[in-house]
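Colleague: The structure follows.
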Amino acid sequence: MDFKKTILWAVFSMSGLMLYNNWQVHEGKPSLFGGAPANTTVVADKATASNKVDVPTQISGAPVVAVAPAVSGNVIESAEKFTLQNDVLVLEISASGANVIDAKLLKSLTAENKPVELFQYTPTHKYFARSGLISLNNDLPNHTSVFKLIQSGKDGSGRPFAVFASERNGVKLEKTFILNPGSYVVDVGHRVTQTSNNTNPLVLYTEIVRDASQEQKIGPFGGAFSASTFTGPAAYTDKEKFNKLEFTAIDKNKITIPTQVAAGDPAWIAMVQHYFASAWIPGDKVARDIYAGRIDNNLYRIGMQTPLGVVAAGSTVVEKAKLFVGPQEERLLETIAPGFELLKDYGYLTILAKPIFWLLDSIHSYVGNWGWSIILLTILIKLVFFPLSAASYKSMARMKEVQPRLTAMKEQYKGEPQKLNQAMMEMYRKEKINPLGGCLPVVIQIPVFISLYWVLLSSVEMRGAPWVLWIHDLSVPDPYYILPVVMAVSMFVQTKLNPTPPDPIQAKVMMYMPIVFSIMFFFFPAGLVLYWVTNNLLSIAQQWQINQMFGKKPAK
C-alpha cells in the first residue's frame, strides 16, 4: 500500500515538474534539465542600432557587404503612414522603409472589445516586418529609405493593393502589398530595376523584428501560475523542420538554426506568441540563407536573404513572397505552406495532441459550442480508457475493503517491517490484489491528459469562445471561480472514495491536495478547468459504482 502511494506521488511529482519546466522554457527562461544547445549560428551585428543598420553581413560565402545608416524610431513614428485593409486585417505601412509597422486582426478581439494589434511600433512595444536590398559597397534602398506611394486602389480582382518605390545609387526597389478577401496572408512583391552599370550582386532580405516582451498572461501571478506558450523567433526548413529560438538563447549566442536552404526546399521564418504569429514565406524555391540575432537592447530579429545575382543595366527582377499576420488556427495554417501548421506548437506530445485536436474540432463542427465539445471529448476519452480506469478503481476498492486488516497488521507487527511486508504480500496473494493495480492505469493515461492540456491551452479557437451562462470566454479564468470550486469539491469526494492511507501524514496531504489544486486552477483558462471537472465527475460516478459492487460482498 505504501509502495503504491509512493509510485503515485512520484508520477504526480514528475508530471508537475514537466509542466513547470515547459512553462519555464516557453517563457524564455532556462530549462530545468539543461541549457540551450551549444552550437551557434547567429548572425552578429557589427554595430549597435544607434548608428548602423542591422542587416546580415555575409551572403552565402560572398564578401562582407556594407551596412547603411540606421533609421531612428522618431523617423518611423513621424513618417507618413498608409493603410491597407480587407475584411479581417488592417495594415499600416510607413513611408520610412515601406515597413509594415501595425497590423490589426479584426476578427480577434481583446477584453476591451478592440481588435488585437499584433504588429506595433510604439515606445513600449516594437513588433514589425521589414525588407530591403544590400550589396557590396553600395547603399541601396532598404528598410531605412524613404519610400513614396506611387499607386494604390483595387486590382482587377477587387483586391486592395499599394505600391511603394525608392531609388538609391541607380537601383530602384518597388514594394507591392496585396490583400486577399478573408485572408491573413499578404502577397508582397519586390521589383528591382537596375539603371546603372553596377556589377555587384544584389541581395534581398526580409525580416521580422520584435522585442522580448511577453503577451499578457492569464492570471495575476505570472510564472508558474500563468498560462502561456512559446514566444520568440522560429524557422522551418524541409530538412531541419521546425526550430524555436529562445530570446535568452539568442542573448547568449546559443541557438542552432539552419543557415542555408537548398534550392527547391520549402522554408519560412516566423515570430510566434500565444495564439498568434507572423511569418515571411518566400515564393520562389531558390537557395536562401536564414539568420537571427539581437539588434539592440531588447530587440531581436529573424530574417531570410535571397541572392538576386548581378542585375544588368536596364533589367528588372521580381521576387515574390507572402507575409502572414494572423491567428494560429490549425485548419488555416495547413493551407498556407509546408509545415506551417507547426506554428501551433504542442511540444513533445504533438503525435498525440494533433489527433486529439482533430477529434475536438470534428465534434465542434456538429455541436457548434467549444464548451460542450470539450465535455463530449472528455466523455469519449473516458470511454476509451474505461477498462483501465475500471481496473484501477477495482484495485482501489479492493484495497479499501482490506484496509481494516492492513491496519490490524501494522499494529500486530509494529517495529517488525520485514514480517509486516511478508504478511501483506501473503494477504495480497490470497485475496488476488495487485497493490500497483491502481497506479499503472493512471500512468498510462498521463500522456493523453497532458496532450489534451496543451491542446486546450494552445488553441486560439478557444479564444473568446463562450460556453453557458457566466462563461463567456473559455480561454480566460472563470470570472466567478465557480468551476475551480466545483473541481475542488469533486477532488475532495474522490479522496473520500479512495482508501485512506494508513500513514497519518499521507492522509493529511491527500486531504489538502484538493485545496492546493483548486488554488492553481483558479488562474487556469476555464476550458482547462471544465475538462478537469468533467473528468473528475465521470471518475466519481465510475468509482462509486465499483465501490457499491464491492460493498455488497460479505465482509471477511
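Just remember, in the C-alpha cells the first chain shown is A, the second B, etc., residues are 1-based per chain, and ligands are 1-based in the order shown.
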Can you tell me, as a list in words, what residues are no more than 12 Å from A:Pro466 when counting only C-alpha atoms, ignoring any on the same chain fewer than 4 positions away?

Modeller: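 Within the cut-off, the hits are Gly368, Asn369, Trp370, Gly371, Trp372, Ser373, Ile374, Glu461, Met462, Trp470, Ile471, His472, Asp473, Leu474, Ser475, Val476, Asp478, Ala526 and Gly527 of chain A.
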
Colleague: Taking the DSSP assignment computed from this structure's backbone, write out as an mmCIF file with N, CA and C atoms, in the first residue's frame all residues of stretch 135-259 of chain A that belong to alpha helix (DSSP H).

Modeller:
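For reference, out.cif as written:
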data_model
loop_
_atom_site.group_PDB
_atom_site.id
_atom_site.type_symbol
_atom_site.label_atom_id
_atom_site.label_comp_id
_atom_site.auth_asym_id
_atom_site.auth_seq_id
_atom_site.Cartn_x
_atom_site.Cartn_y
_atom_site.Cartn_z
ATOM 1 N N PHE A 247 14.619 33.816 -26.780
ATOM 2 C CA PHE A 247 15.274 35.113 -26.676
ATOM 3 C C PHE A 247 16.527 35.025 -25.798
ATOM 4 N N THR A 248 16.428 34.298 -24.695
ATOM 5 C CA THR A 248 17.573 34.180 -23.787
ATOM 6 C C THR A 248 18.718 33.427 -24.454
ATOM 7 N N ALA A 249 18.383 32.443 -25.288
ATOM 8 C CA ALA A 249 19.427 31.708 -26.000
ATOM 9 C C ALA A 249 20.094 32.596 -27.044
ATOM 10 N N ILE A 250 19.319 33.467 -27.690
ATOM 11 C CA ILE A 250 19.902 34.405 -28.653
ATOM 12 C C ILE A 250 20.858 35.349 -27.946
ATOM 13 N N ASP A 251 20.479 35.806 -26.754
ATOM 14 C CA ASP A 251 21.357 36.692 -25.984
ATOM 15 C C ASP A 251 22.718 36.049 -25.733
#

Colleague: Could you work out how far atom CA of A:Asn297 lies from atom CA of A:Pro282, giving the answer in Å with one decimal?

Modeller: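 A separation of 28.6 Å between them.
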
Colleague: Extract, using only C-alpha atoms, all DNA, RNA and protein residues at most 12 Å from A:Pro338, discarding same-chain residues fewer than 4 positions from it, and format them as a list of chain:residue names.

Modeller: A:Tyr236, A:Thr237, A:Asp238, A:Lys239, A:Lys241, A:Phe242, A:Asp265, A:Pro266, A:Ala267, A:Trp268, A:Ile281, A:Pro282, A:Leu333, A:Glu334, A:Leu342, A:Leu343

Colleague: Using only C-alpha atoms, which of the listed residues (A:Ala541, A:Leu457, A:Gly97, A:Pro233) sits closest to A:Phe524?

Modeller: A:Leu457

Colleague: What are the closest atom pairs, with distances in Å to one decimal, for each residue of stretch 251-352 of chain A lying within 12 Å of stretch 153-177 of chain A, using only C-alpha atoms, rows by chain and rising residue number, as a Markdown table?

Modeller:
| residue | atom | partner | partner_atom | distance |
| --- | --- | --- | --- | --- |
| A:Val310 | CA | A:Val171 | CA | 11.7 |
| A:Val311 | CA | A:Val171 | CA | 9.5 |
| A:Ala312 | CA | A:Val171 | CA | 10.7 |
| A:Ala313 | CA | A:Gly170 | CA | 9.0 |
| A:Gly314 | CA | A:Val171 | CA | 10.0 |
| A:Ser315 | CA | A:Val171 | CA | 10.3 |
| A:Thr316 | CA | A:Lys172 | CA | 9.3 |
| A:Val317 | CA | A:Leu173 | CA | 10.0 |
| A:Val318 | CA | A:Glu174 | CA | 9.3 |
| A:Glu319 | CA | A:Lys175 | CA | 9.9 |
| A:Lys320 | CA | A:Thr176 | CA | 9.4 |
| A:Ala321 | CA | A:Phe177 | CA | 10.0 |
| A:Lys322 | CA | A:Phe177 | CA | 9.3 |
| A:Leu323 | CA | A:Phe177 | CA | 9.3 |
| A:Phe324 | CA | A:Phe177 | CA | 11.9 |

Colleague: Report the distance between atom CA of A:Arg294 and atom CA of A:Ser131 in Å, rounded to one decimal place.

Modeller: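 That distance, rounded to one decimal, is 16.8 Å.
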
Colleague: Identify which of the residues A:Val88, A:Ala277, A:Leu359, A:Val146 lies closest to A:Glu329, counting only C-alpha atoms when measuring atom-to-atom distances.

Modeller: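 Between A:Val88, A:Ala277, A:Leu359, A:Val146, the residue approaching A:Glu329 most closely is A:Ala277.
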
Colleague: Would you kindly return, as a list in words, each protein, DNA or RNA residue with an atom no farther than 9 Å from any atom of A:Ser213, considering only C-alpha atoms and excluding same-chain residues fewer than 2 positions away?

Modeller: His125, Arg210, Asp211, Glu215, Thr231 and Asn298 of chain A

Colleague: Those residues you just picked out, can you put them in a file as a tab-separated table (two decimals), in the first residue's frame with N, CA and C atoms?

Modeller:
chain	number	residue	atom	x	y	z
A	125	HIS	N	6.43	48.97	-27.12
A	125	HIS	CA	6.39	47.66	-27.78
A	125	HIS	C	6.69	47.81	-29.26
A	210	ARG	N	11.16	42.06	-33.36
A	210	ARG	CA	10.28	42.10	-32.18
A	210	ARG	C	11.10	42.25	-30.92
A	211	ASP	N	10.52	42.92	-29.93
A	211	ASP	CA	11.15	42.94	-28.61
A	211	ASP	C	10.75	41.67	-27.86
A	215	GLU	N	3.32	38.56	-24.18
A	215	GLU	CA	1.93	38.98	-24.21
A	215	GLU	C	1.33	38.81	-22.82
A	231	THR	N	7.05	32.19	-26.94
A	231	THR	CA	7.12	33.49	-27.61
A	231	THR	C	8.54	33.69	-28.11
A	298	ASN	N	16.94	44.49	-26.00
A	298	ASN	CA	15.55	44.02	-26.03
A	298	ASN	C	14.93	44.18	-27.41

Colleague: How many Å lie between atom CA of A:Gln328 and atom CA of A:Tyr291, rounded to one decimal?

Modeller: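 Atom CA of A:Gln328 sits 23.4 Å away from atom CA of A:Tyr291.
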
Colleague: Pick out the closest residue to A:Glu117 from this set: A:Phe276, A:Val186, A:Asp87, A:Thr256. Count only C-alpha atoms.

Modeller: A:Phe276

Colleague: Can you tell me, as a list in words, what residues are no more than 10 Å from A:Asn536 when counting only C-alpha atoms, ignoring any on the same chain fewer than 3 positions away?

Modeller: Val486, Met487, Ala488, Val489, Ser490, Met491, Val493, Gln494, Leu530, Tyr531, Trp532, Val533, Ser539, Ile540, Ala541 and Gln542 of chain A

Colleague: Produce a file of the selected residues containing N, CA and C atoms, as a compact mmCIF listing (two decimals), in the first residue's frame.

Modeller:
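Heads up, here's the output in part24.txt:
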# COMPACT_ATOMS: atom_id res chain seq x y z
N VAL A 486 -16.00 23.88 -7.90
CA VAL A 486 -16.61 22.57 -8.20
C VAL A 486 -15.51 21.52 -8.34
N MET A 487 -14.41 21.89 -8.97
CA MET A 487 -13.32 20.95 -9.12
C MET A 487 -12.73 20.55 -7.77
N ALA A 488 -12.59 21.53 -6.87
CA ALA A 488 -12.06 21.22 -5.54
C ALA A 488 -12.99 20.26 -4.80
N VAL A 489 -14.29 20.51 -4.90
CA VAL A 489 -15.27 19.62 -4.25
C VAL A 489 -15.19 18.22 -4.85
N SER A 490 -15.09 18.14 -6.18
CA SER A 490 -15.03 16.83 -6.82
C SER A 490 -13.76 16.07 -6.42
N MET A 491 -12.64 16.79 -6.28
CA MET A 491 -11.42 16.13 -5.84
C MET A 491 -11.54 15.65 -4.39
N VAL A 493 -14.33 14.68 -2.95
CA VAL A 493 -15.19 13.49 -2.99
C VAL A 493 -14.38 12.27 -3.45
N GLN A 494 -13.54 12.49 -4.48
CA GLN A 494 -12.69 11.40 -4.95
C GLN A 494 -11.78 10.89 -3.84
N LEU A 530 -12.84 23.18 -17.09
CA LEU A 530 -14.05 22.43 -17.49
C LEU A 530 -13.70 20.99 -17.82
N TYR A 531 -12.57 20.79 -18.49
CA TYR A 531 -12.14 19.42 -18.79
C TYR A 531 -11.90 18.63 -17.50
N TRP A 532 -11.17 19.23 -16.54
CA TRP A 532 -10.85 18.51 -15.30
C TRP A 532 -12.10 18.25 -14.47
N VAL A 533 -13.03 19.20 -14.43
CA VAL A 533 -14.27 18.99 -13.69
C VAL A 533 -15.05 17.83 -14.29
N SER A 539 -15.18 10.24 -13.19
CA SER A 539 -14.40 9.32 -12.36
C SER A 539 -15.13 9.00 -11.06
N ILE A 540 -15.77 10.01 -10.47
CA ILE A 540 -16.53 9.77 -9.23
C ILE A 540 -17.67 8.80 -9.48
N ALA A 541 -18.40 8.99 -10.58
CA ALA A 541 -19.52 8.09 -10.89
C ALA A 541 -19.03 6.66 -11.09
N GLN A 542 -17.93 6.52 -11.83
CA GLN A 542 -17.39 5.18 -12.09
C GLN A 542 -16.86 4.54 -10.80

Colleague: Would you list, as a PDB file with N, CA and C atoms, in the first residue's frame, the residues of stretch 251-312 of chain A that end up in strand (DSSP E or B) under DSSP run on this structure's backbone?

Modeller:
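Everything below was put into out.pdb:
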ATOM      1  N   GLN A 260      21.555  27.743 -44.242  1.00  0.00           N
ATOM      2  CA  GLN A 260      21.435  27.693 -45.694  1.00  0.00           C
ATOM      3  C   GLN A 260      20.322  26.750 -46.108  1.00  0.00           C
ATOM      4  N   VAL A 261      19.538  27.212 -47.052  1.00  0.00           N
ATOM      5  CA  VAL A 261      18.424  26.423 -47.580  1.00  0.00           C
ATOM      6  C   VAL A 261      18.708  26.131 -49.044  1.00  0.00           C
ATOM      7  N   ALA A 267      10.904  26.667 -47.156  1.00  0.00           N
ATOM      8  CA  ALA A 267      11.435  27.257 -45.923  1.00  0.00           C
ATOM      9  C   ALA A 267      10.657  28.524 -45.614  1.00  0.00           C
ATOM     10  N   TRP A 268      10.590  28.873 -44.331  1.00  0.00           N
ATOM     11  CA  TRP A 268       9.976  30.129 -43.918  1.00  0.00           C
ATOM     12  C   TRP A 268      10.498  30.509 -42.540  1.00  0.00           C
ATOM     13  N   ILE A 269      10.323  31.780 -42.200  1.00  0.00           N
ATOM     14  CA  ILE A 269      10.731  32.284 -40.887  1.00  0.00           C
ATOM     15  C   ILE A 269       9.512  32.902 -40.217  1.00  0.00           C
ATOM     16  N   ALA A 270       9.503  32.927 -38.896  1.00  0.00           N
ATOM     17  CA  ALA A 270       8.305  33.384 -38.192  1.00  0.00           C
ATOM     18  C   ALA A 270       8.663  33.989 -36.847  1.00  0.00           C
ATOM     19  N   MET A 271       7.701  34.717 -36.306  1.00  0.00           N
ATOM     20  CA  MET A 271       7.747  35.204 -34.930  1.00  0.00           C
ATOM     21  C   MET A 271       6.450  34.726 -34.277  1.00  0.00           C
ATOM     22  N   VAL A 272       6.588  33.990 -33.184  1.00  0.00           N
ATOM     23  CA  VAL A 272       5.449  33.279 -32.598  1.00  0.00           C
ATOM     24  C   VAL A 272       5.146  33.817 -31.214  1.00  0.00           C
ATOM     25  N   PHE A 276      -1.073  33.680 -31.724  1.00  0.00           N
ATOM     26  CA  PHE A 276      -0.870  34.425 -32.961  1.00  0.00           C
ATOM     27  C   PHE A 276       0.558  34.261 -33.463  1.00  0.00           C
ATOM     28  N   ALA A 277       0.772  34.615 -34.742  1.00  0.00           N
ATOM     29  CA  ALA A 277       2.105  34.518 -35.327  1.00  0.00           C
ATOM     30  C   ALA A 277       2.184  35.406 -36.555  1.00  0.00           C
ATOM     31  N   SER A 278       3.416  35.691 -36.954  1.00  0.00           N
ATOM     32  CA  SER A 278       3.687  36.359 -38.225  1.00  0.00           C
ATOM     33  C   SER A 278       4.809  35.595 -38.897  1.00  0.00           C
ATOM     34  N   ALA A 279       4.866  35.658 -40.241  1.00  0.00           N
ATOM     35  CA  ALA A 279       5.869  34.862 -40.947  1.00  0.00           C
ATOM     36  C   ALA A 279       6.115  35.427 -42.337  1.00  0.00           C
ATOM     37  N   TRP A 280       7.363  35.313 -42.791  1.00  0.00           N
ATOM     38  CA  TRP A 280       7.724  35.549 -44.188  1.00  0.00           C
ATOM     39  C   TRP A 280       7.846  34.195 -44.875  1.00  0.00           C
ATOM     40  N   ILE A 281       7.117  34.028 -45.979  1.00  0.00           N
ATOM     41  CA  ILE A 281       7.140  32.782 -46.742  1.00  0.00           C
ATOM     42  C   ILE A 281       7.590  33.121 -48.155  1.00  0.00           C
ATOM     43  N   PRO A 282       8.806  32.737 -48.531  1.00  0.00           N
ATOM     44  CA  PRO A 282       9.287  33.079 -49.875  1.00  0.00           C
ATOM     45  C   PRO A 282       8.490  32.372 -50.955  1.00  0.00           C
ATOM     46  N   ARG A 288      18.587  30.043 -50.286  1.00  0.00           N
ATOM     47  CA  ARG A 288      18.422  31.169 -49.369  1.00  0.00           C
ATOM     48  C   ARG A 288      19.251  30.948 -48.119  1.00  0.00           C
ATOM     49  N   ASP A 289      19.431  32.036 -47.377  1.00  0.00           N
ATOM     50  CA  ASP A 289      20.101  31.957 -46.079  1.00  0.00           C
ATOM     51  C   ASP A 289      19.156  32.470 -45.006  1.00  0.00           C
ATOM     52  N   ILE A 290      19.161  31.802 -43.846  1.00  0.00           N
ATOM     53  CA  ILE A 290      18.356  32.213 -42.692  1.00  0.00           C
ATOM     54  C   ILE A 290      19.303  32.684 -41.597  1.00  0.00           C
ATOM     55  N   TYR A 291      18.924  33.717 -40.890  1.00  0.00           N
ATOM     56  CA  TYR A 291      19.769  34.252 -39.828  1.00  0.00           C
ATOM     57  C   TYR A 291      18.882  34.793 -38.719  1.00  0.00           C
ATOM     58  N   ALA A 292      19.452  34.946 -37.535  1.00  0.00           N
ATOM     59  CA  ALA A 292      18.730  35.502 -36.386  1.00  0.00           C
ATOM     60  C   ALA A 292      19.736  36.161 -35.467  1.00  0.00           C
ATOM     61  N   GLY A 293      19.286  37.101 -34.673  1.00  0.00           N
ATOM     62  CA  GLY A 293      20.192  37.740 -33.741  1.00  0.00           C
ATOM     63  C   GLY A 293      19.529  38.881 -32.989  1.00  0.00           C
ATOM     64  N   ARG A 294      20.270  39.450 -32.059  1.00  0.00           N
ATOM     65  CA  ARG A 294      19.806  40.622 -31.322  1.00  0.00           C
ATOM     66  C   ARG A 294      20.389  41.865 -31.994  1.00  0.00           C
ATOM     67  N   ILE A 295      19.546  42.863 -32.235  1.00  0.00           N
ATOM     68  CA  ILE A 295      19.998  44.055 -32.945  1.00  0.00           C
ATOM     69  C   ILE A 295      20.082  45.272 -32.030  1.00  0.00           C
ATOM     70  N   ASP A 296      19.550  45.175 -30.842  1.00  0.00           N
ATOM     71  CA  ASP A 296      19.646  46.258 -29.877  1.00  0.00           C
ATOM     72  C   ASP A 296      19.185  45.703 -28.531  1.00  0.00           C
ATOM     73  N   LEU A 299      15.687  43.918 -28.459  1.00  0.00           N
ATOM     74  CA  LEU A 299      15.160  43.962 -29.818  1.00  0.00           C
ATOM     75  C   LEU A 299      15.845  42.873 -30.636  1.00  0.00           C
ATOM     76  N   TYR A 300      15.030  41.985 -31.206  1.00  0.00           N
ATOM     77  CA  TYR A 300      15.543  40.801 -31.882  1.00  0.00           C
ATOM     78  C   TYR A 300      14.950  40.718 -33.281  1.00  0.00           C
ATOM     79  N   ARG A 301      15.639  39.947 -34.138  1.00  0.00           N
ATOM     80  CA  ARG A 301      15.118  39.763 -35.488  1.00  0.00           C
ATOM     81  C   ARG A 301      15.401  38.347 -35.966  1.00  0.00           C
ATOM     82  N   ILE A 302      14.587  37.904 -36.897  1.00  0.00           N
ATOM     83  CA  ILE A 302      14.862  36.702 -37.662  1.00  0.00           C
ATOM     84  C   ILE A 302      14.608  37.061 -39.107  1.00  0.00           C
ATOM     85  N   GLY A 303      15.502  36.622 -39.990  1.00  0.00           N
ATOM     86  CA  GLY A 303      15.403  37.051 -41.371  1.00  0.00           C
ATOM     87  C   GLY A 303      15.816  35.985 -42.357  1.00  0.00           C
ATOM     88  N   MET A 304      15.519  36.265 -43.609  1.00  0.00           N
ATOM     89  CA  MET A 304      15.890  35.388 -44.712  1.00  0.00           C
ATOM     90  C   MET A 304      16.409  36.259 -45.846  1.00  0.00           C
ATOM     91  N   GLN A 305      17.547  35.899 -46.401  1.00  0.00           N
ATOM     92  CA  GLN A 305      18.108  36.675 -47.504  1.00  0.00           C
ATOM     93  C   GLN A 305      18.117  35.840 -48.781  1.00  0.00           C
ATOM     94  N   THR A 306      17.786  36.510 -49.881  1.00  0.00           N
ATOM     95  CA  THR A 306      17.674  35.848 -51.169  1.00  0.00           C
ATOM     96  C   THR A 306      18.636  36.501 -52.159  1.00  0.00           C
ATOM     97  N   PRO A 307      19.657  35.801 -52.615  1.00  0.00           N
ATOM     98  CA  PRO A 307      20.561  36.368 -53.611  1.00  0.00           C
ATOM     99  C   PRO A 307      19.834  36.577 -54.944  1.00  0.00           C
ATOM    100  N   LEU A 308      19.918  37.792 -55.467  1.00  0.00           N
ATOM    101  CA  LEU A 308      19.319  38.112 -56.766  1.00  0.00           C
ATOM    102  C   LEU A 308      20.346  38.072 -57.887  1.00  0.00           C
ATOM    103  N   GLY A 309      21.628  37.963 -57.532  1.00  0.00           N
ATOM    104  CA  GLY A 309      22.674  37.938 -58.532  1.00  0.00           C
ATOM    105  C   GLY A 309      22.958  39.324 -59.088  1.00  0.00           C
TER     106      GLY A 309
END

Colleague: Pick out the closest residue to A:Ser196 from this set: A:Asn138, A:Gln214, A:Tyr346, A:Leu149. Count only C-alpha atoms.

Modeller: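 Nearest to A:Ser196: A:Asn138.
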
Colleague: Would you please work out which residue, of A:Lys410, A:Pro417, A:Thr350, A:Gly264, is nearest to A:Leu452 when using only C-alpha atoms?

Modeller: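 Of A:Lys410, A:Pro417, A:Thr350, A:Gly264, the one nearest A:Leu452 is A:Thr350, counting only C-alpha atoms.
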